[in-house]
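Visitor: Got a structure for you, written out below as C-alpha cells; questions coming shortly.
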Amino acid sequence: MRKCLFSVIALCCLLACSSEIDDLKKDIADLEEQARLLQKQQDSIKKVNDETQQNIDKTQDEIDKTLWDINKVSLAYFEFLHEDNPFQVVEDTRCEIAGDSIVCWVSNIMPNKVLIPRFSYEGKSLTIDGKPAESGVTSFDFGKPLKLTISSDLRTKDYEVYVYSYTGLPVVWLTTAKMENISVSEKIYQGTVKIVENARTRKPGDVIEDNVKVKAVGPVSWVESKNDGSDQLGKNAYRFTLNTVKPVLDGPTCADWELLSNAIDPTLLHTQAGFHFGNISNLHFTPTFHFADLMLNERYYGTYLLGDVIDYTRERTDVGIDGYIVKIDASAAKANFKTAHIEQPVSVVYPSVTSGDDEYRNVSNILKTADAALFSSNFTDADEGWQKYLDMDSFVDWYLINEIAKNEEGAFSADCYMNMKRDGKLRMGPLWKMEKSFGYDESSTSGFVIKEAKWFDRLFQDPIFVAKVKERFTHFYNHKNDILKEIDADAYYLRNAIPENNNKWEVFEAYTLSELNRQYKNEVTAMKSWLEKRLDWLNEEFSKM
C-alpha cells in the first residue's frame, strides 16, 4: 500500500514538472518571436536609414554638381578682329586653345602688339595680366606672353596667351606625343610635324603633314622663363624623320631633316653665309637650308634653319651604300678612334659601326694610312704621298671657306666632316654649322686659324697645295660682292622674323622696334665689314706665299 502511494506521489510530481517545462518552452518561444520581430523592425529601420543616407548623398552630389556647374571656368574662344584692331590686324584671327596655352598667329606684320581681344568664357570674371578684361573693349600689349585667368567663387583657371606675327618664313609645327618636352639628348620622341610654306594662304601643296620621330641633337639647354621663372627648353637643335619620304620646301625626296638653331649668332646669318660660299665651290655637296620659324608643342621657339642632314644618299653626300662618312669632333661618339696627327677623335657617322668590327677597322685603317702618308718623308710625291689618299679639290675649297670665315671649330675641333666612296679618295666636307665664324665674338680679321691644324699645316708645306689654294682663293675673292649681296638678301628676308626671335630669346637689349632694327642692322653691317677686311688680309698673305 505504501509503495503504491509513493508511485502516485512520484507521478504527480512528474506531471507537475512536465507542465512547468511546457510553460518554459512557451515562454522561450514567445521571447524568440519577440526577438525576430525586433530584428525585423531593426532591419526595416536600417533600410530606411540607408535609403535616407543615399538620398542625402545623391542630393549632396546634385548640390555639388550644381555648384561646380555654377562655378565652371572655361574659355570658349579667343580672337582678334579687324574691326577692333583696324591698324594692326588685316584679317580676323581666331586663336587656338591648346591645353593651358592660347596660340594666336596674326597673318600680317604688326608695328606693335597692343591689341583688343574678343573672347567668350564660363566663369565669374576674366583678367589678362592681372587686369579686368572686357571682350572687344580692353586693349593689352601682347608683345610678351600674358597670363589670362578665369575665376568663379570656387575655382580659377590660368592660360598663357602667345601672340605671333607672320614673319614671311615657312613655319614648322613640331608636336610630340602628349606634348612631352624633348629633354634628353639623342632620345627618340614620337610626334607629328606640319610644315607650312606660306602661313597666310595655306594653299594646296603648301602644307606638309606627317608622323615623325624627333630627337635633340647635341646637349639640351634649359633657360629661365621670363614669365614665371620656371625652367624651359632653350633654343636647341633638332633632327626629325618623316614617316614617309617627302621633299621639304625645295629639297630632295628624303625622310630625315635637320633644324639648326643659330642660338649664339645674333645675325642668324653665319652658317648660311658659309653655305653660300659652298655653293660656288668645288665641294661635291653643300647642304641646302631654309630659314623657318619653329613652333614646338604649340609654342614659338624662334627662327631656325631647316634643311639637309648628313647622310650617304645620292641627293646628299653621295658616298653610296658602301661608302664612309666620318666626323672630327671633341665630343666624339662611342665608335671613334684617333690618328697620330688629327687633334680630336674621329667618329664614324656612316655606316653604323661598333668599335672593333670590320667596318670600324676598315675606316680607321684608311684614316691612319692617309695620316701616315701625309706625314711621311716623301709626302709631296704625287703617287705615294698625300695625293694618293686625299682629294685635293675638296681639301682646298673646304679649307678656304673655313679660313675665310675664320671658323674656330673648323680647325679640326668640332663638326668637321670627311667622306669617301668605297675605294675612292677622302674628301673634306660637307660644310656644317658655322655659328662661331664671320667675326663671331668680335674676332680679329687677321690671323690663320684652319692653317694651324696639323693636317693643313702639313699640306701647306707642299708647293702644289699652296698653288691650288692661291688659285682657288682668287675665285672666292672675285665673288666677294656676290656673297655680300646674298648676306643682304638674307638679312632683308629676316627683317620681320628678327623681332619675333628677339621677343623669345632677348638677343638684343632693345626697348622699341626701331631700336631693335637699328641694332640688328649694325650687326649685319659689322659682319659684312669684317668679311671684306678678312678677304683683303688673306689676299695679301696668300700673295706672299
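Residue numbers start at 1 in each chain; chains themselves are named A, B, ... in the order of the C-alpha cells; ligands are numbered from 1 in the order shown.
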Can you pull out every residue within 7 Å of stretch 378-389 of chain A, counting only C-alpha atoms, but drop anything in the same chain fewer than 6 positions away, and send it as a list in words?
Guide: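 The contact residues come out as Ala370, Lys425, Leu426 and Asp462 of chain A.
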Visitor: Find the residues of stretch 417-509 of chain A that sit at most 12 Å from stretch 155-172 of chain A; for each, write down the nearest two atoms and how far apart they are in Å, to one decimal. Count only C-alpha atoms. Sort by chain, then by number going up, and give it as CSV.
Guide:
```
residue,atom,partner,partner_atom,distance
A:Asp490,CA,A:Leu169,CA,11.4
A:Tyr492,CA,A:Gly168,CA,11.0
A:Tyr493,CA,A:Gly168,CA,7.8
A:Leu494,CA,A:Thr167,CA,7.7
A:Arg495,CA,A:Thr167,CA,8.0
A:Asn496,CA,A:Thr167,CA,4.9
A:Ala497,CA,A:Thr167,CA,5.0
A:Ile498,CA,A:Thr167,CA,8.6
A:Pro499,CA,A:Thr167,CA,9.1
A:Glu500,CA,A:Tyr164,CA,7.2
A:Asn501,CA,A:Thr167,CA,10.0
A:Asn503,CA,A:Tyr164,CA,9.8
A:Lys504,CA,A:Tyr164,CA,10.4
```
Visitor: Hey, can you spit out that residue selection with all heavy atoms as an mmCIF file, in the first residue's frame?
Guide:
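Result file is out_5.cif:
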```cif
data_model
loop_
_atom_site.group_PDB
_atom_site.id
_atom_site.type_symbol
_atom_site.label_atom_id
_atom_site.label_comp_id
_atom_site.auth_asym_id
_atom_site.auth_seq_id
_atom_site.Cartn_x
_atom_site.Cartn_y
_atom_site.Cartn_z
ATOM 1 N N ASP A 490 69.516 87.852 -97.379
ATOM 2 C CA ASP A 490 69.069 87.063 -96.232
ATOM 3 C C ASP A 490 68.616 87.970 -95.090
ATOM 4 O O ASP A 490 67.601 87.700 -94.433
ATOM 5 C CB ASP A 490 70.193 86.148 -95.744
ATOM 6 C CG ASP A 490 70.431 84.964 -96.671
ATOM 7 O OD1 ASP A 490 69.532 84.652 -97.476
ATOM 8 O OD2 ASP A 490 71.520 84.363 -96.592
ATOM 9 N N TYR A 492 67.421 90.969 -95.297
ATOM 10 C CA TYR A 492 66.133 91.572 -95.650
ATOM 11 C C TYR A 492 65.006 90.558 -95.491
ATOM 12 O O TYR A 492 63.918 90.894 -95.005
ATOM 13 C CB TYR A 492 66.179 92.086 -97.095
ATOM 14 C CG TYR A 492 64.886 92.752 -97.536
ATOM 15 C CD1 TYR A 492 64.568 94.035 -97.102
ATOM 16 C CD2 TYR A 492 63.985 92.080 -98.356
ATOM 17 C CE1 TYR A 492 63.377 94.643 -97.489
ATOM 18 C CE2 TYR A 492 62.800 92.679 -98.748
ATOM 19 C CZ TYR A 492 62.498 93.956 -98.310
ATOM 20 O OH TYR A 492 61.309 94.547 -98.678
ATOM 21 N N TYR A 493 65.256 89.321 -95.886
ATOM 22 C CA TYR A 493 64.256 88.265 -95.762
ATOM 23 C C TYR A 493 63.871 88.053 -94.294
ATOM 24 O O TYR A 493 62.717 87.747 -93.972
ATOM 25 C CB TYR A 493 64.818 86.985 -96.361
ATOM 26 C CG TYR A 493 63.894 85.796 -96.357
ATOM 27 C CD1 TYR A 493 62.576 85.891 -96.797
ATOM 28 C CD2 TYR A 493 64.348 84.547 -95.929
ATOM 29 C CE1 TYR A 493 61.736 84.788 -96.800
ATOM 30 C CE2 TYR A 493 63.520 83.442 -95.937
ATOM 31 C CZ TYR A 493 62.209 83.568 -96.365
ATOM 32 O OH TYR A 493 61.387 82.474 -96.363
ATOM 33 N N LEU A 494 64.842 88.250 -93.386
ATOM 34 C CA LEU A 494 64.606 88.019 -91.960
ATOM 35 C C LEU A 494 64.088 89.257 -91.225
ATOM 36 O O LEU A 494 63.910 89.205 -90.009
ATOM 37 C CB LEU A 494 65.908 87.560 -91.287
ATOM 38 C CG LEU A 494 66.438 86.182 -91.665
ATOM 39 C CD1 LEU A 494 67.760 85.919 -90.960
ATOM 40 C CD2 LEU A 494 65.434 85.095 -91.335
ATOM 41 N N ARG A 495 63.836 90.340 -91.937
ATOM 42 C CA ARG A 495 63.531 91.604 -91.266
ATOM 43 C C ARG A 495 62.332 91.512 -90.324
ATOM 44 O O ARG A 495 62.287 92.201 -89.298
ATOM 45 C CB ARG A 495 63.286 92.705 -92.318
ATOM 46 C CG ARG A 495 62.021 92.517 -93.141
ATOM 47 C CD ARG A 495 62.003 93.437 -94.365
ATOM 48 N NE ARG A 495 60.753 93.317 -95.123
ATOM 49 C CZ ARG A 495 60.484 92.330 -95.965
ATOM 50 N NH1 ARG A 495 61.371 91.367 -96.151
ATOM 51 N NH2 ARG A 495 59.332 92.290 -96.616
ATOM 52 N N ASN A 496 61.355 90.667 -90.668
ATOM 53 C CA ASN A 496 60.178 90.536 -89.814
ATOM 54 C C ASN A 496 60.296 89.374 -88.831
ATOM 55 O O ASN A 496 59.485 89.276 -87.900
ATOM 56 C CB ASN A 496 58.929 90.350 -90.674
ATOM 57 C CG ASN A 496 58.654 91.557 -91.549
ATOM 58 O OD1 ASN A 496 58.765 92.690 -91.099
ATOM 59 N ND2 ASN A 496 58.305 91.325 -92.804
ATOM 60 N N ALA A 497 61.265 88.515 -89.039
ATOM 61 C CA ALA A 497 61.484 87.404 -88.111
ATOM 62 C C ALA A 497 62.341 87.825 -86.926
ATOM 63 O O ALA A 497 62.186 87.282 -85.824
ATOM 64 C CB ALA A 497 62.153 86.239 -88.844
ATOM 65 N N ILE A 498 63.228 88.788 -87.136
ATOM 66 C CA ILE A 498 64.139 89.207 -86.069
ATOM 67 C C ILE A 498 63.387 89.690 -84.828
ATOM 68 O O ILE A 498 63.732 89.295 -83.703
ATOM 69 C CB ILE A 498 65.121 90.272 -86.587
ATOM 70 C CG1 ILE A 498 66.039 89.670 -87.658
ATOM 71 C CG2 ILE A 498 65.944 90.854 -85.450
ATOM 72 C CD1 ILE A 498 66.843 88.472 -87.194
ATOM 73 N N PRO A 499 62.348 90.546 -84.956
ATOM 74 C CA PRO A 499 61.629 90.974 -83.742
ATOM 75 C C PRO A 499 60.993 89.814 -82.984
ATOM 76 O O PRO A 499 61.024 89.782 -81.752
ATOM 77 C CB PRO A 499 60.561 91.934 -84.283
ATOM 78 C CG PRO A 499 61.110 92.434 -85.569
ATOM 79 C CD PRO A 499 61.859 91.272 -86.145
ATOM 80 N N GLU A 500 60.422 88.837 -83.716
ATOM 81 C CA GLU A 500 59.797 87.702 -83.038
ATOM 82 C C GLU A 500 60.854 86.854 -82.326
ATOM 83 O O GLU A 500 60.669 86.436 -81.181
ATOM 84 C CB GLU A 500 59.029 86.841 -84.045
ATOM 85 C CG GLU A 500 57.783 87.494 -84.602
ATOM 86 C CD GLU A 500 56.745 87.761 -83.525
ATOM 87 O OE1 GLU A 500 56.693 87.025 -82.520
ATOM 88 O OE2 GLU A 500 55.988 88.726 -83.677
ATOM 89 N N ASN A 501 61.962 86.580 -83.005
ATOM 90 C CA ASN A 501 63.035 85.803 -82.394
ATOM 91 C C ASN A 501 63.595 86.524 -81.172
ATOM 92 O O ASN A 501 63.909 85.908 -80.152
ATOM 93 C CB ASN A 501 64.143 85.549 -83.421
ATOM 94 C CG ASN A 501 65.200 84.584 -82.919
ATOM 95 O OD1 ASN A 501 64.999 83.371 -82.873
ATOM 96 N ND2 ASN A 501 66.351 85.113 -82.529
ATOM 97 N N ASN A 503 61.921 88.711 -79.273
ATOM 98 C CA ASN A 503 60.926 88.645 -78.199
ATOM 99 C C ASN A 503 61.057 87.357 -77.410
ATOM 100 O O ASN A 503 60.844 87.330 -76.192
ATOM 101 C CB ASN A 503 59.514 88.746 -78.772
ATOM 102 C CG ASN A 503 59.138 90.154 -79.163
ATOM 103 O OD1 ASN A 503 59.759 91.118 -78.711
ATOM 104 N ND2 ASN A 503 58.144 90.290 -80.014
ATOM 105 N N LYS A 504 61.412 86.273 -78.105
ATOM 106 C CA LYS A 504 61.528 84.977 -77.443
ATOM 107 C C LYS A 504 62.831 84.860 -76.660
ATOM 108 O O LYS A 504 62.842 84.386 -75.521
ATOM 109 C CB LYS A 504 61.436 83.867 -78.487
ATOM 110 C CG LYS A 504 61.627 82.456 -77.941
ATOM 111 C CD LYS A 504 60.502 82.049 -77.037
ATOM 112 C CE LYS A 504 60.668 80.603 -76.567
ATOM 113 N NZ LYS A 504 59.588 80.191 -75.647
#
```
Visitor: I need the residues of stretch 99-314 of chain A that end up classed as helix (DSSP H, G or I) by DSSP on the backbone, written out as a list in words.
Guide: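 Checking each residue of stretch 99-314 of chain A, the helix (DSSP H, G or I) ones are Ala177, Lys178, Met179, His270, Thr271, Gln272, Ala273, Gly274, Phe275, His276, Phe277, Gly278 and Asn279 of chain A.
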Visitor: So which residues touch A:Ala76 within 10 Å, counting only C-alpha atoms, skipping near sequence neighbours fewer than 2 positions away, as a list in words?
Guide: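 Once the adjacent positions are removed, what remains is Val73, Ser74, Phe78, Ile97, Phe119, Ser120, Tyr121 and Glu122 of chain A.
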Visitor: To one decimal in Å, tell me the separation between atom CA of A:Ile21 and atom CA of A:Gln34.
Guide: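 Taking atom CA of A:Ile21 and atom CA of A:Gln34, their separation equals 19.8 Å.
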Visitor: Give me the residues near A:His479 as a list in words, where near means some atom within 9 Å (using only C-alpha atoms) and where sequence neighbours in that chain fewer than 4 positions away do not count.
Guide: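 Neighbouring residues, sequence-local ones excluded: Phe277, Ile280, Thr474, His475, Ile483 and Leu484 of chain A.
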Visitor: Between A:Tyr324, A:Gly123, A:Glu96, A:Val137, which is the closest to A:Glu83 once you count only C-alpha atoms?
Guide: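 Using only C-alpha atoms, A:Glu83 sits closest to A:Val137.
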Visitor: List as a PyMOL selection string the protein and nucleic acid residues near stretch 177-186 of chain A, meaning an atom at most 6 Å away when only C-alpha atoms are counted, but skip any in the same chain fewer than 6 places from it.
Guide: chain A and resi 215-216+219-220+297
Visitor: Kindly save the residues from that selection, with all heavy atoms included, as an mmCIF file, in the first residue's frame.
Guide:
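Produced file part_28.cif, reproduced below:
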```
data_model
loop_
_atom_site.group_PDB
_atom_site.id
_atom_site.type_symbol
_atom_site.label_atom_id
_atom_site.label_comp_id
_atom_site.auth_asym_id
_atom_site.auth_seq_id
_atom_site.Cartn_x
_atom_site.Cartn_y
_atom_site.Cartn_z
ATOM 1 N N LYS A 215 64.448 64.016 -82.324
ATOM 2 C CA LYS A 215 65.393 64.000 -81.210
ATOM 3 C C LYS A 215 66.146 65.318 -81.164
ATOM 4 O O LYS A 215 66.254 66.037 -82.168
ATOM 5 C CB LYS A 215 66.380 62.841 -81.343
ATOM 6 C CG LYS A 215 67.323 62.968 -82.532
ATOM 7 C CD LYS A 215 68.307 61.800 -82.579
ATOM 8 C CE LYS A 215 69.277 61.934 -83.758
ATOM 9 N NZ LYS A 215 70.253 60.824 -83.786
ATOM 10 N N ALA A 216 66.650 65.639 -79.987
ATOM 11 C CA ALA A 216 67.527 66.790 -79.834
ATOM 12 C C ALA A 216 68.933 66.384 -80.250
ATOM 13 O O ALA A 216 69.391 65.280 -79.935
ATOM 14 C CB ALA A 216 67.526 67.282 -78.393
ATOM 15 N N PRO A 219 73.893 68.681 -76.730
ATOM 16 C CA PRO A 219 73.391 68.882 -75.366
ATOM 17 C C PRO A 219 72.087 69.676 -75.359
ATOM 18 O O PRO A 219 71.904 70.594 -76.152
ATOM 19 C CB PRO A 219 74.526 69.680 -74.691
ATOM 20 C CG PRO A 219 75.739 69.400 -75.520
ATOM 21 C CD PRO A 219 75.251 69.218 -76.919
ATOM 22 N N VAL A 220 71.181 69.314 -74.457
ATOM 23 C CA VAL A 220 69.899 70.013 -74.314
ATOM 24 C C VAL A 220 70.069 71.140 -73.293
ATOM 25 O O VAL A 220 70.432 70.896 -72.142
ATOM 26 C CB VAL A 220 68.785 69.052 -73.857
ATOM 27 C CG1 VAL A 220 67.491 69.817 -73.587
ATOM 28 C CG2 VAL A 220 68.559 67.983 -74.917
ATOM 29 N N ASN A 297 55.591 72.111 -79.843
ATOM 30 C CA ASN A 297 54.481 71.858 -78.919
ATOM 31 C C ASN A 297 53.615 73.100 -78.731
ATOM 32 O O ASN A 297 53.310 73.529 -77.618
ATOM 33 C CB ASN A 297 54.999 71.348 -77.571
ATOM 34 C CG ASN A 297 55.499 69.919 -77.655
ATOM 35 O OD1 ASN A 297 55.047 69.149 -78.498
ATOM 36 N ND2 ASN A 297 56.437 69.566 -76.813
#
```
Visitor: Using only C-alpha atoms, pick whichever of A:Thr241, A:Ser543, A:Asn419, A:Ser377 has the shortest atom-to-atom distance to A:Asp322.
Guide: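 So, comparing all the options, the nearest one is A:Asn419.
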Visitor: Of the candidates A:Asn336, A:Asn522, A:Ser139, A:Thr253, which shows the shortest atom-to-atom distance to A:Arg361, using only C-alpha atoms?
Guide: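 For A:Arg361, the nearest of the candidates is A:Asn336.
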Visitor: Could you pull out the strand (DSSP E or B) residues of stretch 195-389 of chain A, going by DSSP on the backbone, and write them as a ChimeraX atom specification?
Guide: /A:195-196,207-217,222-224,231-233,237-247,253-260,289-296,299-307,324-328,336-337,346-350
